[in-house]
Amino acid sequence: MSDRAQEVMLFAGSSHLQLANKVATHLDIRLGNALVTTFSDGETRVELRENVRGADIFILQSTGYPANHHIMEALIMADACRRASANKITLVTPYFGYARQERKNTPRTPITAKLVADLIEKAGIDRLVAMELHTGAIQGFFTVPVDHLFVKPVFVEYLQNTLSDDKQVVVAPDAGGVERARAYSKYFGNSLVVMDKRRERPNESSIHHIIGDVEGKHCYVVDDIVDTAGTLVAVAQSLMDHGALSVRAAIAHALLSGKAIEKIEASALGELVVSDSLPLSKEAQACTKITQLSVCGLVGEAIKRIHNQQSVSALFIE
């Protein structure tokens with residue numbers, strides 16, 4: 001780390017202790033000693049069991065299922081650190097819950113991502129580190145600094161041997177994912193294909209058109225979130241129906257709720273590559289189509305650079 005390493009403390013919420021331990025190992029530090037549990041009525045209880053006065057605190061907490069519980073844990077941990085006179089408090093949230101509710105897409109609906117941002121700041125967070133936000137505009141919901149990490153450095157190393165010839169194409173599953181998919185297609189020198197997806201209601205969508213040539217091609221779908229897997233399965237089937245040789249996907253955050261695993265196993269999808277921004281269920285771990293890659297090195301390096309006041313953008317690749 002640095003000559004100030006003794007001032008760095010990493011605390012973990014209950015959302016993903018496995019990733020937190022990997023990050024601590026990468027940084028060659030130990031996890032801070034904190035009691036994070038619940039009272040009998042379900043209220044969250046946090047107790048810091050060591051001195052944090054003047055320390056540079058990093059709280060690692062992905063806010064996936066159950067999102068409300070994990071968000072509340074992060075807020076209470078931040079409040080505990082602030083009241084214990086920590087110097088700086090950074091929330092590291094590899095998966096930022098409520099990111100899909102970042103705008104009013106129908107009348108009389110909230111902008112919940114902004115509400116969560118306000119709660120985080122009110123709790124005393126001085127900085128946020130997030131990875132693969134649903135939209136980069138969420139950074140503007142915060143007045144504190146936000147470091148937006150991308151899983152691309154982790155994924156491209158794995159994909160290096162599979163996206164290197166002219167029979168490979170990168171697919172954006174909808175118009176909103178074009179920028180992300182273009183970054184991969186540019187890096188590997190592949191063609192870009194865009195799906196025209198229409199969403200009638202939450203977790204339900206249909207494919208209307210394919211913009212680009214997929215016949216005789218191996219397709220790689222790139223996205224930020226796979227939840228119920230309905231869109232992913234529909235995209236894979238549509239690509240195969242239009243002459244694709246195979247379909248695989250690289251998606252940052254694997255929520256995999258509902259019957260997602262069943263859908264994936266029965267689909268035309270050959271492989272789903274995900275990060276460990278969220279823990280996989282036992283069912284997902286047993287699925288032979290799912291490959292999980294760790295972002296511990298990426299997150300750990302970001303923490304180290306923030307503490308040492310170095311550039312975080314140096315972690316990005318063009």
# chains A, B, ... in the order shown; residues from 1 in each chain; ligands from 1

call {"tool": "select_by_dssp", "arguments": {"residues": "region 164-275 of chain A", "states": "strand (DSSP E or B)", "output": "mmCIF file with N, CA, C and O atoms, in the first residue's frame"}}
result
data_model
loop_
_atom_site.group_PDB
_atom_site.id
_atom_site.type_symbol
_atom_site.label_atom_id
_atom_site.label_comp_id
_atom_site.auth_asym_id
_atom_site.auth_seq_id
_atom_site.Cartn_x
_atom_site.Cartn_y
_atom_site.Cartn_z
ATOM 1 N N GLN A 168 -16.339 -13.257 -35.266
ATOM 2 C CA GLN A 168 -16.908 -12.860 -33.979
ATOM 3 C C GLN A 168 -17.570 -11.486 -34.108
ATOM 4 O O GLN A 168 -17.033 -10.586 -34.756
ATOM 5 N N VAL A 169 -18.729 -11.311 -33.483
ATOM 6 C CA VAL A 169 -19.376 -10.002 -33.407
ATOM 7 C C VAL A 169 -19.797 -9.749 -31.962
ATOM 8 O O VAL A 169 -20.101 -10.682 -31.214
ATOM 9 N N VAL A 170 -19.782 -8.476 -31.588
ATOM 10 C CA VAL A 170 -20.227 -8.072 -30.258
ATOM 11 C C VAL A 170 -21.645 -7.526 -30.381
ATOM 12 O O VAL A 170 -21.943 -6.744 -31.289
ATOM 13 N N VAL A 171 -22.514 -7.938 -29.471
ATOM 14 C CA VAL A 171 -23.936 -7.599 -29.553
ATOM 15 C C VAL A 171 -24.355 -6.736 -28.367
ATOM 16 O O VAL A 171 -24.102 -7.087 -27.207
ATOM 17 N N ALA A 172 -25.014 -5.606 -28.663
ATOM 18 C CA ALA A 172 -25.668 -4.800 -27.632
ATOM 19 C C ALA A 172 -27.124 -5.248 -27.562
ATOM 20 O O ALA A 172 -27.828 -5.205 -28.569
ATOM 21 N N SER A 191 -17.110 -6.434 -35.411
ATOM 22 C CA SER A 191 -18.303 -5.696 -35.808
ATOM 23 C C SER A 191 -19.256 -5.577 -34.619
ATOM 24 O O SER A 191 -19.217 -6.386 -33.693
ATOM 25 N N LEU A 192 -20.126 -4.571 -34.690
ATOM 26 C CA LEU A 192 -21.093 -4.325 -33.628
ATOM 27 C C LEU A 192 -22.503 -4.576 -34.146
ATOM 28 O O LEU A 192 -22.870 -4.119 -35.231
ATOM 29 N N VAL A 193 -23.286 -5.324 -33.376
ATOM 30 C CA VAL A 193 -24.685 -5.615 -33.697
ATOM 31 C C VAL A 193 -25.553 -5.065 -32.571
ATOM 32 O O VAL A 193 -25.193 -5.166 -31.394
ATOM 33 N N VAL A 194 -26.694 -4.461 -32.936
ATOM 34 C CA VAL A 194 -27.602 -3.873 -31.955
ATOM 35 C C VAL A 194 -28.979 -4.516 -32.086
ATOM 36 O O VAL A 194 -29.510 -4.641 -33.194
ATOM 37 N N MET A 195 -29.539 -4.924 -30.949
ATOM 38 C CA MET A 195 -30.879 -5.497 -30.916
ATOM 39 C C MET A 195 -31.900 -4.392 -30.641
ATOM 40 O O MET A 195 -31.666 -3.527 -29.791
ATOM 41 N N ASP A 196 -33.013 -4.427 -31.359
ATOM 42 C CA ASP A 196 -34.117 -3.495 -31.114
ATOM 43 C C ASP A 196 -35.074 -4.158 -30.142
ATOM 44 O O ASP A 196 -35.922 -4.961 -30.521
ATOM 45 N N LYS A 197 -34.922 -3.824 -28.858
ATOM 46 C CA LYS A 197 -35.706 -4.447 -27.795
ATOM 47 C C LYS A 197 -36.814 -3.500 -27.354
ATOM 48 O O LYS A 197 -36.595 -2.303 -27.182
ATOM 49 N N ARG A 198 -37.998 -4.047 -27.158
ATOM 50 C CA ARG A 198 -39.121 -3.264 -26.639
ATOM 51 C C ARG A 198 -39.529 -3.859 -25.290
ATOM 52 O O ARG A 198 -39.757 -5.061 -25.187
ATOM 53 N N ARG A 199 -39.617 -2.996 -24.265
ATOM 54 C CA ARG A 199 -40.006 -3.457 -22.933
ATOM 55 C C ARG A 199 -41.415 -2.948 -22.617
ATOM 56 O O ARG A 199 -41.649 -1.741 -22.524
ATOM 57 N N GLU A 200 -42.354 -3.878 -22.479
ATOM 58 C CA GLU A 200 -43.736 -3.516 -22.185
ATOM 59 C C GLU A 200 -43.950 -3.261 -20.704
ATOM 60 O O GLU A 200 -44.741 -2.410 -20.300
ATOM 61 N N ARG A 201 -43.247 -4.016 -19.849
ATOM 62 C CA ARG A 201 -43.374 -3.891 -18.399
ATOM 63 C C ARG A 201 -42.089 -4.434 -17.772
ATOM 64 O O ARG A 201 -41.289 -5.079 -18.473
ATOM 65 N N GLU A 204 -40.054 -7.879 -18.589
ATOM 66 C CA GLU A 204 -40.652 -8.473 -19.775
ATOM 67 C C GLU A 204 -40.274 -7.643 -20.995
ATOM 68 O O GLU A 204 -40.487 -6.433 -21.015
ATOM 69 N N SER A 205 -39.714 -8.278 -22.016
ATOM 70 C CA SER A 205 -39.294 -7.558 -23.216
ATOM 71 C C SER A 205 -39.408 -8.477 -24.419
ATOM 72 O O SER A 205 -39.540 -9.698 -24.293
ATOM 73 N N SER A 206 -39.354 -7.862 -25.597
ATOM 74 C CA SER A 206 -39.408 -8.633 -26.837
ATOM 75 C C SER A 206 -38.432 -8.032 -27.837
ATOM 76 O O SER A 206 -38.143 -6.833 -27.808
ATOM 77 N N ILE A 207 -37.899 -8.883 -28.737
ATOM 78 C CA ILE A 207 -36.942 -8.452 -29.752
ATOM 79 C C ILE A 207 -37.678 -8.233 -31.064
ATOM 80 O O ILE A 207 -38.380 -9.131 -31.553
ATOM 81 N N HIS A 208 -37.527 -7.043 -31.660
ATOM 82 C CA HIS A 208 -38.239 -6.717 -32.896
ATOM 83 C C HIS A 208 -37.333 -6.761 -34.124
ATOM 84 O O HIS A 208 -37.755 -7.211 -35.187
ATOM 85 N N HIS A 209 -36.115 -6.267 -34.004
ATOM 86 C CA HIS A 209 -35.208 -6.221 -35.151
ATOM 87 C C HIS A 209 -33.769 -6.466 -34.694
ATOM 88 O O HIS A 209 -33.430 -6.272 -33.519
ATOM 89 N N ILE A 210 -32.933 -6.891 -35.641
ATOM 90 C CA ILE A 210 -31.496 -7.005 -35.405
ATOM 91 C C ILE A 210 -30.799 -6.076 -36.385
ATOM 92 O O ILE A 210 -30.981 -6.190 -37.607
ATOM 93 N N ILE A 211 -30.034 -5.141 -35.864
ATOM 94 C CA ILE A 211 -29.313 -4.181 -36.696
ATOM 95 C C ILE A 211 -27.877 -4.667 -36.839
ATOM 96 O O ILE A 211 -27.071 -4.569 -35.911
ATOM 97 N N HIS A 218 -20.135 -15.930 -34.643
ATOM 98 C CA HIS A 218 -20.191 -16.255 -33.226
ATOM 99 C C HIS A 218 -20.473 -14.946 -32.482
ATOM 100 O O HIS A 218 -19.711 -13.984 -32.604
ATOM 101 N N CYS A 219 -21.558 -14.901 -31.738
ATOM 102 C CA CYS A 219 -22.023 -13.662 -31.107
ATOM 103 C C CYS A 219 -21.691 -13.621 -29.621
ATOM 104 O O CYS A 219 -21.862 -14.618 -28.909
ATOM 105 N N TYR A 220 -21.232 -12.453 -29.163
ATOM 106 C CA TYR A 220 -20.990 -12.225 -27.740
ATOM 107 C C TYR A 220 -21.846 -11.051 -27.292
ATOM 108 O O TYR A 220 -21.644 -9.929 -27.729
ATOM 109 N N VAL A 221 -22.824 -11.311 -26.438
ATOM 110 C CA VAL A 221 -23.707 -10.279 -25.903
ATOM 111 C C VAL A 221 -23.048 -9.638 -24.687
ATOM 112 O O VAL A 221 -22.611 -10.338 -23.772
ATOM 113 N N VAL A 222 -22.977 -8.310 -24.669
ATOM 114 C CA VAL A 222 -22.340 -7.579 -23.572
ATOM 115 C C VAL A 222 -23.390 -6.701 -22.898
ATOM 116 O O VAL A 222 -24.099 -5.947 -23.566
ATOM 117 N N ASP A 223 -23.503 -6.804 -21.569
ATOM 118 C CA ASP A 223 -24.498 -6.008 -20.853
ATOM 119 C C ASP A 223 -24.022 -5.784 -19.419
ATOM 120 O O ASP A 223 -22.996 -6.331 -19.006
ATOM 121 N N ASP A 224 -24.805 -4.985 -18.664
ATOM 122 C CA ASP A 224 -24.419 -4.684 -17.279
ATOM 123 C C ASP A 224 -25.121 -5.574 -16.268
ATOM 124 O O ASP A 224 -24.540 -5.916 -15.240
ATOM 125 N N ILE A 225 -26.383 -5.940 -16.524
ATOM 126 C CA ILE A 225 -27.160 -6.688 -15.538
ATOM 127 C C ILE A 225 -27.924 -7.825 -16.196
ATOM 128 O O ILE A 225 -28.532 -7.641 -17.257
ATOM 129 N N VAL A 226 -27.880 -9.005 -15.594
ATOM 130 C CA VAL A 226 -28.791 -10.089 -15.968
ATOM 131 C C VAL A 226 -29.608 -10.405 -14.724
ATOM 132 O O VAL A 226 -29.080 -10.809 -13.701
ATOM 133 N N SER A 246 -23.155 -19.372 -32.818
ATOM 134 C CA SER A 246 -23.220 -19.576 -31.368
ATOM 135 C C SER A 246 -23.469 -18.238 -30.696
ATOM 136 O O SER A 246 -23.247 -17.174 -31.292
ATOM 137 N N VAL A 247 -23.931 -18.302 -29.459
ATOM 138 C CA VAL A 247 -24.182 -17.089 -28.677
ATOM 139 C C VAL A 247 -23.634 -17.286 -27.268
ATOM 140 O O VAL A 247 -23.955 -18.277 -26.606
ATOM 141 N N ARG A 248 -22.809 -16.357 -26.850
ATOM 142 C CA ARG A 248 -22.333 -16.311 -25.473
ATOM 143 C C ARG A 248 -22.538 -14.897 -24.949
ATOM 144 O O ARG A 248 -22.818 -13.976 -25.718
ATOM 145 N N ALA A 249 -22.390 -14.710 -23.649
ATOM 146 C CA ALA A 249 -22.641 -13.392 -23.057
ATOM 147 C C ALA A 249 -21.623 -13.077 -21.982
ATOM 148 O O ALA A 249 -21.136 -13.983 -21.284
ATOM 149 N N ALA A 250 -21.305 -11.791 -21.850
ATOM 150 C CA ALA A 250 -20.438 -11.294 -20.778
ATOM 151 C C ALA A 250 -21.192 -10.171 -20.081
ATOM 152 O O ALA A 250 -21.395 -9.100 -20.665
ATOM 153 N N ILE A 251 -21.643 -10.428 -18.864
ATOM 154 C CA ILE A 251 -22.510 -9.488 -18.154
ATOM 155 C C ILE A 251 -21.954 -9.254 -16.746
ATOM 156 O O ILE A 251 -21.658 -10.204 -16.015
ATOM 157 N N ALA A 252 -21.843 -7.992 -16.366
ATOM 158 C CA ALA A 252 -21.146 -7.632 -15.125
ATOM 159 C C ALA A 252 -21.835 -8.164 -13.874
ATOM 160 O O ALA A 252 -21.201 -8.804 -13.034
ATOM 161 N N HIS A 253 -23.120 -7.870 -13.733
ATOM 162 C CA HIS A 253 -23.809 -8.150 -12.470
ATOM 163 C C HIS A 253 -24.835 -9.263 -12.648
ATOM 164 O O HIS A 253 -25.794 -9.126 -13.408
ATOM 165 N N ALA A 254 -24.661 -10.351 -11.928
ATOM 166 C CA ALA A 254 -25.532 -11.522 -12.058
ATOM 167 C C ALA A 254 -26.532 -11.558 -10.906
ATOM 168 O O ALA A 254 -26.294 -12.182 -9.874
ATOM 169 N N GLU A 271 -22.666 -19.862 -23.146
ATOM 170 C CA GLU A 271 -21.926 -19.534 -21.927
ATOM 171 C C GLU A 271 -22.323 -18.158 -21.452
ATOM 172 O O GLU A 271 -22.555 -17.246 -22.251
ATOM 173 N N LEU A 272 -22.415 -18.004 -20.141
ATOM 174 C CA LEU A 272 -22.656 -16.706 -19.520
ATOM 175 C C LEU A 272 -21.488 -16.405 -18.584
ATOM 176 O O LEU A 272 -21.280 -17.102 -17.590
ATOM 177 N N VAL A 273 -20.707 -15.376 -18.922
ATOM 178 C CA VAL A 273 -19.573 -14.953 -18.107
ATOM 179 C C VAL A 273 -20.021 -13.781 -17.247
ATOM 180 O O VAL A 273 -20.550 -12.787 -17.771
ATOM 181 N N VAL A 274 -19.845 -13.882 -15.942
ATOM 182 C CA VAL A 274 -20.259 -12.826 -15.019
ATOM 183 C C VAL A 274 -19.116 -12.511 -14.062
ATOM 184 O O VAL A 274 -18.150 -13.271 -13.939
ATOM 185 N N SER A 275 -19.226 -11.379 -13.366
ATOM 186 C CA SER A 275 -18.248 -11.028 -12.338
ATOM 187 C C SER A 275 -18.773 -11.466 -10.973
ATOM 188 O O SER A 275 -19.926 -11.868 -10.832
#

call {"tool": "select_by_dssp", "arguments": {"residues": "region 36-278 of chain A", "states": "alpha helix (DSSP H)", "output": "VMD selection string"}}
result
chain A and resid 67 to 83 112 to 122 152 to 159 178 to 188 230 to 241 260 to 265

call {"tool": "atom_distance", "arguments": {"atom1": "CA of Met9 (chain A)", "atom2": "CA of Ile71 (chain A)"}}
result
20.0 Å

call {"tool": "residues_around", "arguments": {"residues": "Phe150 (chain A)", "least_positions_apart": "6", "cutoff": "8 Å", "atoms": "only C-alpha atoms", "output": "ChimeraX atom specification"}}
result
/A:131-132,316

call {"tool": "closest_residue", "arguments": {"among": "A:Ser294, A:Ser257, A:Asn68, A:Thr106", "to": "Lys152 (chain A)", "atoms": "only C-alpha atoms"}}
result
A:Ser294

call {"tool": "atom_distance", "arguments": {"atom1": "CA of Gly97 (chain A)", "atom2": "CA of Ala67 (chain A)"}}
result
6.2 Å

call {"tool": "closest_residue", "arguments": {"among": "A:Tyr184, A:Tyr158, A:Tyr98, A:Tyr65", "to": "Leu255 (chain A)", "atoms": "only C-alpha atoms"}}
result
A:Tyr65

call {"tool": "residues_around", "arguments": {"residues": "region 303-308 of chain A", "least_positions_apart": "3", "cutoff": "10 Å", "atoms": "only C-alpha atoms", "output": "number ranges by chain"}}
result
A: 1-5, 7-8, 10, 23, 26-27, 56-58, 88, 90, 92, 127, 129, 147, 297-300, 311-315

call {"tool": "write_last_selection", "arguments": {"atoms": "N, CA, C and O atoms", "output": "mmCIF file, in the first residue's frame"}}
result
data_model
loop_
_atom_site.group_PDB
_atom_site.id
_atom_site.type_symbol
_atom_site.label_atom_id
_atom_site.label_comp_id
_atom_site.auth_asym_id
_atom_site.auth_seq_id
_atom_site.Cartn_x
_atom_site.Cartn_y
_atom_site.Cartn_z
ATOM 1 N N MET A 1 0.838 -1.194 0.000
ATOM 2 C CA MET A 1 0.000 0.000 0.000
ATOM 3 C C MET A 1 0.888 1.264 0.000
ATOM 4 O O MET A 1 1.396 1.667 -1.004
ATOM 5 N N SER A 2 1.101 1.873 1.148
ATOM 6 C CA SER A 2 1.923 3.070 1.246
ATOM 7 C C SER A 2 2.433 3.195 2.668
ATOM 8 O O SER A 2 2.157 2.367 3.522
ATOM 9 N N ASP A 3 3.178 4.298 2.952
ATOM 10 C CA ASP A 3 3.657 4.480 4.304
ATOM 11 C C ASP A 3 2.518 4.868 5.247
ATOM 12 O O ASP A 3 2.718 4.993 6.450
ATOM 13 N N ARG A 4 1.312 5.078 4.708
ATOM 14 C CA ARG A 4 0.148 5.366 5.533
ATOM 15 C C ARG A 4 -0.771 4.158 5.633
ATOM 16 O O ARG A 4 -1.935 4.282 6.002
ATOM 17 N N ALA A 5 -0.250 2.984 5.280
ATOM 18 C CA ALA A 5 -1.102 1.793 5.211
ATOM 19 C C ALA A 5 -1.784 1.484 6.531
ATOM 20 O O ALA A 5 -2.870 0.934 6.557
ATOM 21 N N GLU A 7 -3.244 3.387 8.354
ATOM 22 C CA GLU A 7 -4.442 4.203 8.498
ATOM 23 C C GLU A 7 -5.598 3.673 7.654
ATOM 24 O O GLU A 7 -6.716 4.160 7.767
ATOM 25 N N VAL A 8 -5.354 2.704 6.794
ATOM 26 C CA VAL A 8 -6.402 2.164 5.934
ATOM 27 C C VAL A 8 -7.136 1.038 6.649
ATOM 28 O O VAL A 8 -6.520 0.113 7.158
ATOM 29 N N LEU A 10 -10.551 -1.599 6.071
ATOM 30 C CA LEU A 10 -11.599 -2.108 5.193
ATOM 31 C C LEU A 10 -12.629 -2.860 6.029
ATOM 32 O O LEU A 10 -12.300 -3.841 6.699
ATOM 33 N N VAL A 23 -10.495 -9.026 -1.515
ATOM 34 C CA VAL A 23 -9.944 -7.676 -1.650
ATOM 35 C C VAL A 23 -8.937 -7.404 -0.535
ATOM 36 O O VAL A 23 -7.857 -6.848 -0.778
ATOM 37 N N HIS A 26 -5.790 -9.161 -1.372
ATOM 38 C CA HIS A 26 -5.090 -8.452 -2.456
ATOM 39 C C HIS A 26 -4.329 -7.244 -1.916
ATOM 40 O O HIS A 26 -3.209 -6.949 -2.357
ATOM 41 N N LEU A 27 -4.924 -6.537 -0.948
ATOM 42 C CA LEU A 27 -4.304 -5.347 -0.384
ATOM 43 C C LEU A 27 -3.327 -5.667 0.745
ATOM 44 O O LEU A 27 -2.652 -4.778 1.252
ATOM 45 N N ASP A 56 -8.636 6.076 7.374
ATOM 46 C CA ASP A 56 -9.199 6.141 6.027
ATOM 47 C C ASP A 56 -10.039 4.876 5.853
ATOM 48 O O ASP A 56 -9.508 3.791 5.626
ATOM 49 N N ILE A 57 -11.360 5.009 5.962
ATOM 50 C CA ILE A 57 -12.247 3.858 6.019
ATOM 51 C C ILE A 57 -12.844 3.544 4.646
ATOM 52 O O ILE A 57 -13.317 4.437 3.935
ATOM 53 N N PHE A 58 -12.846 2.266 4.289
ATOM 54 C CA PHE A 58 -13.522 1.786 3.090
ATOM 55 C C PHE A 58 -14.535 0.729 3.517
ATOM 56 O O PHE A 58 -14.186 -0.245 4.186
ATOM 57 N N LYS A 88 -11.888 9.746 6.709
ATOM 58 C CA LYS A 88 -12.638 9.714 5.453
ATOM 59 C C LYS A 88 -13.373 8.381 5.355
ATOM 60 O O LYS A 88 -12.861 7.350 5.807
ATOM 61 N N THR A 90 -15.284 5.929 2.555
ATOM 62 C CA THR A 90 -15.588 5.620 1.156
ATOM 63 C C THR A 90 -16.453 4.373 1.103
ATOM 64 O O THR A 90 -16.089 3.343 1.685
ATOM 65 N N VAL A 92 -17.645 1.397 -1.057
ATOM 66 C CA VAL A 92 -17.279 0.635 -2.257
ATOM 67 C C VAL A 92 -18.420 -0.329 -2.538
ATOM 68 O O VAL A 92 -18.625 -1.287 -1.796
ATOM 69 N N ARG A 127 -17.022 9.559 -0.313
ATOM 70 C CA ARG A 127 -16.685 9.157 -1.683
ATOM 71 C C ARG A 127 -17.396 7.844 -1.980
ATOM 72 O O ARG A 127 -17.618 7.029 -1.078
ATOM 73 N N VAL A 129 -17.352 4.444 -4.638
ATOM 74 C CA VAL A 129 -16.745 3.650 -5.707
ATOM 75 C C VAL A 129 -17.796 2.656 -6.173
ATOM 76 O O VAL A 129 -18.290 1.847 -5.378
ATOM 77 N N ASP A 147 -16.107 7.367 -8.184
ATOM 78 C CA ASP A 147 -15.206 6.645 -9.088
ATOM 79 C C ASP A 147 -15.994 5.507 -9.717
ATOM 80 O O ASP A 147 -16.458 4.598 -9.024
ATOM 81 N N GLY A 297 -9.107 -7.908 -7.715
ATOM 82 C CA GLY A 297 -7.914 -7.148 -8.063
ATOM 83 C C GLY A 297 -8.247 -5.734 -8.513
ATOM 84 O O GLY A 297 -7.567 -4.769 -8.140
ATOM 85 N N LEU A 298 -9.303 -5.598 -9.313
ATOM 86 C CA LEU A 298 -9.734 -4.294 -9.800
ATOM 87 C C LEU A 298 -10.197 -3.411 -8.651
ATOM 88 O O LEU A 298 -9.789 -2.250 -8.529
ATOM 89 N N VAL A 299 -11.040 -3.949 -7.781
ATOM 90 C CA VAL A 299 -11.553 -3.188 -6.639
ATOM 91 C C VAL A 299 -10.424 -2.854 -5.659
ATOM 92 O O VAL A 299 -10.322 -1.729 -5.165
ATOM 93 N N GLY A 300 -9.563 -3.835 -5.403
ATOM 94 C CA GLY A 300 -8.447 -3.609 -4.491
ATOM 95 C C GLY A 300 -7.502 -2.541 -4.997
ATOM 96 O O GLY A 300 -7.036 -1.681 -4.228
ATOM 97 N N SER A 311 -4.149 8.230 -9.626
ATOM 98 C CA SER A 311 -5.197 8.210 -10.638
ATOM 99 C C SER A 311 -5.926 6.869 -10.664
ATOM 100 O O SER A 311 -5.300 5.816 -10.736
ATOM 101 N N VAL A 312 -7.258 6.926 -10.602
ATOM 102 C CA VAL A 312 -8.064 5.725 -10.751
ATOM 103 C C VAL A 312 -8.346 5.443 -12.217
ATOM 104 O O VAL A 312 -8.479 4.300 -12.628
ATOM 105 N N SER A 313 -8.386 6.489 -13.039
ATOM 106 C CA SER A 313 -8.650 6.314 -14.473
ATOM 107 C C SER A 313 -7.542 5.515 -15.158
ATOM 108 O O SER A 313 -7.745 4.972 -16.239
ATOM 109 N N ALA A 314 -6.381 5.421 -14.511
ATOM 110 C CA ALA A 314 -5.292 4.617 -15.075
ATOM 111 C C ALA A 314 -5.654 3.137 -15.131
ATOM 112 O O ALA A 314 -4.996 2.345 -15.824
ATOM 113 N N LEU A 315 -6.710 2.736 -14.401
ATOM 114 C CA LEU A 315 -7.154 1.338 -14.424
ATOM 115 C C LEU A 315 -7.965 1.009 -15.668
ATOM 116 O O LEU A 315 -8.212 -0.153 -15.958
#

call {"tool": "atom_distance", "arguments": {"atom1": "CA of Ala175 (chain A)", "atom2": "CA of Ala284 (chain A)"}}
result
27.9 Å

call {"tool": "closest_residue", "arguments": {"among": "A:Leu245, A:Cys81, A:Ile59, A:Val36", "to": "Lys217 (chain A)", "atoms": "only C-alpha atoms"}}
result
A:Leu245

call {"tool": "residues_around", "arguments": {"residues": "region 266-268 of chain A", "least_positions_apart": "3", "cutoff": "10 Å", "atoms": "only C-alpha atoms", "output": "ChimeraX atom specification"}}
result
/A:229,232-241,246-248,261-263,271
